[in-house]
$ cat structure20.cif   # mmCIF, C-alpha atoms
data_coords
loop_
_atom_site.label_atom_id
_atom_site.label_comp_id
_atom_site.auth_asym_id
_atom_site.auth_seq_id
_atom_site.Cartn_x
_atom_site.Cartn_y
_atom_site.Cartn_z
CA MET A 1 21.23 2.13 -0.93
CA ALA A 2 21.94 -0.99 1.06
CA ASP A 3 18.85 -3.00 0.15
CA ALA A 4 19.31 -2.99 -3.62
CA ALA A 5 20.61 -5.97 -5.49
CA PRO A 6 24.02 -5.43 -7.07
CA GLY A 7 23.39 -3.75 -10.38
CA GLY A 8 19.69 -3.36 -9.49
CA PHE A 9 17.52 -0.29 -9.88
CA GLU A 10 17.96 2.56 -7.41
CA PRO A 11 15.77 5.66 -7.47
CA ALA A 12 17.73 8.91 -7.54
CA THR A 13 17.90 10.46 -4.06
CA GLY A 14 19.84 13.54 -5.15
CA ASP A 15 23.15 12.39 -3.68
CA GLY A 16 24.33 10.27 -6.59
CA PRO A 17 26.30 11.07 -9.71
CA PRO A 18 24.83 13.25 -12.46
CA SER A 19 22.55 11.54 -14.94
CA ALA A 20 24.21 9.89 -17.89
CA HIS A 21 24.12 12.07 -20.99
CA GLY A 22 22.56 11.22 -24.28
CA ALA A 23 19.11 10.29 -25.49
CA ALA A 24 19.70 6.54 -25.20
CA ALA A 25 20.80 6.81 -21.56
CA ALA A 26 17.84 9.06 -20.70
CA GLU A 27 15.40 6.66 -22.38
CA ALA A 28 16.90 3.67 -20.58
CA ARG A 29 16.63 5.44 -17.21
CA ALA A 30 13.05 6.51 -17.92
CA ALA A 31 12.15 2.88 -18.71
CA GLU A 32 13.73 1.69 -15.44
CA VAL A 33 11.85 4.32 -13.44
CA ARG A 34 8.58 3.47 -15.19
CA THR A 35 9.03 -0.26 -14.45
CA ALA A 36 9.83 0.38 -10.78
CA TYR A 37 6.90 2.76 -10.38
CA GLU A 38 4.51 0.30 -12.06
CA GLY A 39 5.80 -2.32 -9.62
CA LEU A 40 4.97 -0.01 -6.72
CA LEU A 41 1.43 0.49 -8.06
CA THR A 42 1.02 -3.26 -8.61
CA MET A 43 2.10 -3.91 -5.03
CA ARG A 44 -0.46 -1.41 -3.79
CA ARG A 45 -3.14 -2.98 -6.00
CA ILE A 46 -2.40 -6.45 -4.59
CA LEU A 47 -2.43 -5.18 -1.01
CA SER A 48 -5.78 -3.49 -1.59
CA GLY A 49 -7.18 -6.91 -2.53
CA GLY A 50 -7.99 -5.66 -6.00
CA ALA A 51 -10.90 -3.71 -4.53
CA ALA A 52 -12.04 -0.65 -6.39
CA VAL A 53 -10.86 2.49 -4.65
CA GLU A 54 -11.41 6.15 -5.31
CA GLY A 55 -8.55 8.15 -6.74
CA PRO A 56 -5.67 7.34 -9.06
CA LEU A 57 -3.91 4.88 -6.74
CA PRO A 58 -5.10 1.42 -5.72
CA LEU A 59 -4.02 1.89 -2.09
CA PRO A 60 -4.29 5.45 -0.74
CA MET A 61 -1.50 4.95 1.80
CA PRO A 62 2.08 3.76 1.47
CA ALA A 63 2.42 -0.02 1.53
CA PRO A 64 4.57 -1.82 4.12
CA TRP A 65 7.52 -2.01 1.66
CA GLU A 66 7.38 1.76 1.23
CA ARG A 67 7.23 2.35 4.98
CA GLN A 68 10.29 0.14 5.52
CA ARG A 69 12.32 1.94 2.84
CA MET A 70 10.92 5.43 3.01
CA PRO A 71 13.76 7.42 1.39
CA ARG A 72 13.78 4.99 -1.51
CA ALA A 73 9.98 5.01 -1.91
CA VAL A 74 9.71 8.81 -1.74
CA ALA A 75 12.56 9.21 -4.24
CA LEU A 76 10.86 6.77 -6.62
CA VAL A 77 7.60 8.73 -6.54
CA LEU A 78 9.43 12.02 -7.17
CA GLU A 79 11.54 10.63 -10.00
CA ALA A 80 8.53 8.92 -11.61
CA ALA A 81 6.64 12.23 -11.45
CA GLY A 82 9.39 13.84 -13.51
CA PHE A 83 11.14 15.90 -10.85
CA ALA A 84 14.86 16.30 -11.44
CA PRO A 85 17.13 14.98 -8.71
CA SER A 86 20.13 16.92 -7.54
CA ALA A 87 23.51 15.24 -8.07
CA LEU A 88 27.07 15.28 -6.80
CA ASP A 89 30.22 15.62 -8.87
CA ALA A 90 33.31 13.44 -8.35
CA ALA A 91 34.61 15.84 -5.69
CA GLY A 92 31.35 15.69 -3.69
CA GLY A 93 30.07 19.13 -4.70
CA ARG A 94 26.56 19.78 -6.00
CA ALA A 95 26.50 19.35 -9.76
CA ALA A 96 22.77 19.69 -10.47
CA THR A 97 19.75 21.42 -9.01
CA GLY A 98 16.85 19.26 -7.89
CA TYR A 99 15.32 17.31 -5.05
CA ARG A 100 17.32 15.55 -2.36
CA VAL A 101 15.78 12.84 -0.17
CA LEU A 102 17.35 11.96 3.19
CA ALA A 103 16.31 9.76 6.08
CA GLY A 104 14.84 11.95 8.80
CA GLN A 105 15.98 12.20 12.38
CA ASP A 106 12.92 10.12 13.26
CA PRO A 107 12.87 6.71 11.50
CA GLU A 108 9.25 7.29 10.48
CA ARG A 109 10.09 10.42 8.47
CA VAL A 110 12.18 11.54 5.55
CA GLU A 111 13.26 15.01 4.51
CA VAL A 112 13.05 16.38 1.00
CA SER A 113 15.00 19.51 0.13
CA TRP A 114 15.62 21.41 -3.10
CA VAL A 115 19.37 21.89 -3.54
CA GLY A 116 21.90 22.75 -6.22
CA PRO A 117 25.33 24.18 -6.94
CA PRO A 118 26.23 27.49 -5.27
CA GLY A 119 24.67 30.35 -7.20
CA GLY A 120 22.46 27.95 -9.17
CA GLY A 121 19.15 29.41 -7.98
CA ALA A 122 17.94 26.47 -5.87
CA ALA A 123 17.10 28.71 -2.89
CA GLY A 124 14.88 30.95 -5.02
CA ALA A 125 12.94 28.02 -6.47
CA GLU A 126 12.69 25.84 -3.37
CA GLU A 127 9.27 26.93 -2.07
CA GLU A 128 7.58 26.44 -5.45
CA ARG A 129 9.36 23.16 -6.24
CA LEU A 130 8.88 21.69 -2.76
CA SER A 131 5.18 22.61 -2.86
CA ALA A 132 4.90 20.73 -6.16
CA CYS A 133 6.73 17.76 -4.63
CA ALA A 134 4.35 17.83 -1.64
CA GLU A 135 1.33 17.81 -3.93
CA VAL A 136 2.55 14.70 -5.79
CA LEU A 137 3.59 12.92 -2.60
CA GLY A 138 0.23 13.77 -1.01
CA ARG A 139 -1.59 12.04 -3.88
CA HIS A 140 0.52 8.96 -3.10
CA GLY A 141 -0.46 8.82 0.58
CA TRP A 142 2.40 10.78 2.12
CA GLU A 143 1.83 13.68 4.51
CA CYS A 144 4.18 16.60 3.94
CA LEU A 145 4.91 19.61 6.10
CA LEU A 146 7.01 22.50 4.81
CA TYR A 147 9.54 23.85 7.30
CA ARG A 148 12.37 26.37 7.41
CA GLY A 149 15.65 24.94 8.55
CA PRO A 150 19.15 26.28 9.05
CA ARG A 151 20.01 29.37 7.00
CA ARG A 152 16.24 29.78 6.45
CA ARG A 153 16.24 27.07 3.75
CA ARG A 154 12.96 25.23 3.33
CA PHE A 155 12.49 21.46 3.42
CA LEU A 156 9.64 18.99 3.53
CA GLU A 157 9.19 16.57 6.36
CA VAL A 158 7.45 13.53 4.87
CA GLU A 159 5.73 10.68 6.67
CA PRO A 160 3.17 8.03 5.72
CA ARG A 161 -0.46 8.99 6.05
CA ARG A 162 -2.03 7.18 8.97
#
$ encode --input "structure20.cif" --output "C-alpha cells"
Amino acid sequence: MADAAPGGFEPATGDGPPSAHGAAAAEARAAEVRTAYEGLLTMRRILSGGAAVEGPLPLPMPAPWERQRMPRAVALVLEAAGFAPSALDAAGGRAATGYRVLAGQDPERVEVSWVGPPGGGAAGAEEERLSACAEVLGRHGWECLLYRGPRRRRFLEVEPRR
C-alpha cells in the first residue's frame, strides 16, 4: 500500500504473493503481525485517555488512523485474528483461499470477500468464514453487513461504528 515505509510492515490484504514457506518465515511474520496489532491497541488505549472501558479493547471504535487507512486496518485485524489471506501467484491468478480486503466504492467503507483458486472451495465456505470475520471485526468497532454480489457471491461491507 502507498502509505507504508519502504520495507515496512504491510498487513496481508489477500492480493499479495503467497506467504513465505518454512517455520522461520511463518514465525517472523507472526511476530510482525503481533507487533503491529499491539501498536493498534496501544494507539486506541492512548486515544481513550487510559480510561477503563468495558470489553477487550481500550477504544470501542476505530481510531482516526484506522478510519484514514481502512483497508489496511481491517486487514490487520483479520490477520492478527488468525484468518488466512488469499494470495496471487506470479501470473496474477488466485494461489490461496482466504480473505480479500478492498477499498469500497464509498471511501468510508471497505469490502471483505472470501476468495480462492478456481475449484478450491471458497464459494462453499464463504458464508461461514465471512460471518466469523464479521464477528471479529465487530468486536473491534467495525459494523459489517453481509451481501450477495455478482454471481451470487457473498461479501462483507465494513464501515466504522459511529
$ residues_around --input "structure20.cif" --residues "Phe155 in chain A" --least-positions-apart "2" --cutoff "6 Å" --atoms "only C-alpha atoms" --output "list of chain:residue names"
A:Val112, A:Ser113, A:Leu146, A:Tyr147
$ residues_around --input "structure20.cif" --residues "range 115-131 of chain A" --least-positions-apart "2" --cutoff "6 Å" --atoms "all atoms listed in the file" --output "ChimeraX atom specification"
/A:94-98,133-134
$ closest_residue --input "structure20.cif" --among "A:Arg109, A:Arg148, A:Glu135, A:His140" --to "Leu41 in chain A" --atoms "only C-alpha atoms"
A:His140
$ closest_residue --input "structure20.cif" --among "A:Pro60, A:Gly39, A:Gly8, A:Gly14" --to "Trp114 in chain A" --atoms "all atoms listed in the file"
A:Gly14
$ closest_residue --input "structure20.cif" --among "A:Arg67, A:Arg72, A:Arg162, A:Arg44" --to "Glu108 in chain A" --atoms "all atoms listed in the file"
A:Arg67
$ closest_residue --input "structure20.cif" --among "A:Gly16, A:Pro11, A:Pro160, A:Pro150" --to "Ser86 in chain A" --atoms "all atoms listed in the file"
A:Gly16
$ resolve_selection --input "structure20.cif" --expression "the PyMOL selection byres ((chain A and resi 101-103) around 10)" --output "count of residues only"
31
$ closest_residue --input "structure20.cif" --among "A:Glu79, A:Pro18, A:Glu159, A:Glu10" --to "Gly93 in chain A" --atoms "only C-alpha atoms"
A:Pro18
$ atom_distance --input "structure20.cif" --atom1 "CA of Glu66 in chain A" --atom2 "CA of Ala25 in chain A"
26.9 Å
$ atom_distance --input "structure20.cif" --atom1 "CA of Ala90 in chain A" --atom2 "CA of Arg153 in chain A"
25.0 Å
$ atom_distance --input "structure20.cif" --atom1 "CA of Tyr37 in chain A" --atom2 "CA of Val77 in chain A"
7.1 Å
$ closest_residue --input "structure20.cif" --among "A:Ala84, A:Leu40, A:Ile46, A:Ala28" --to "Pro62 in chain A" --atoms "all atoms listed in the file"
A:Leu40
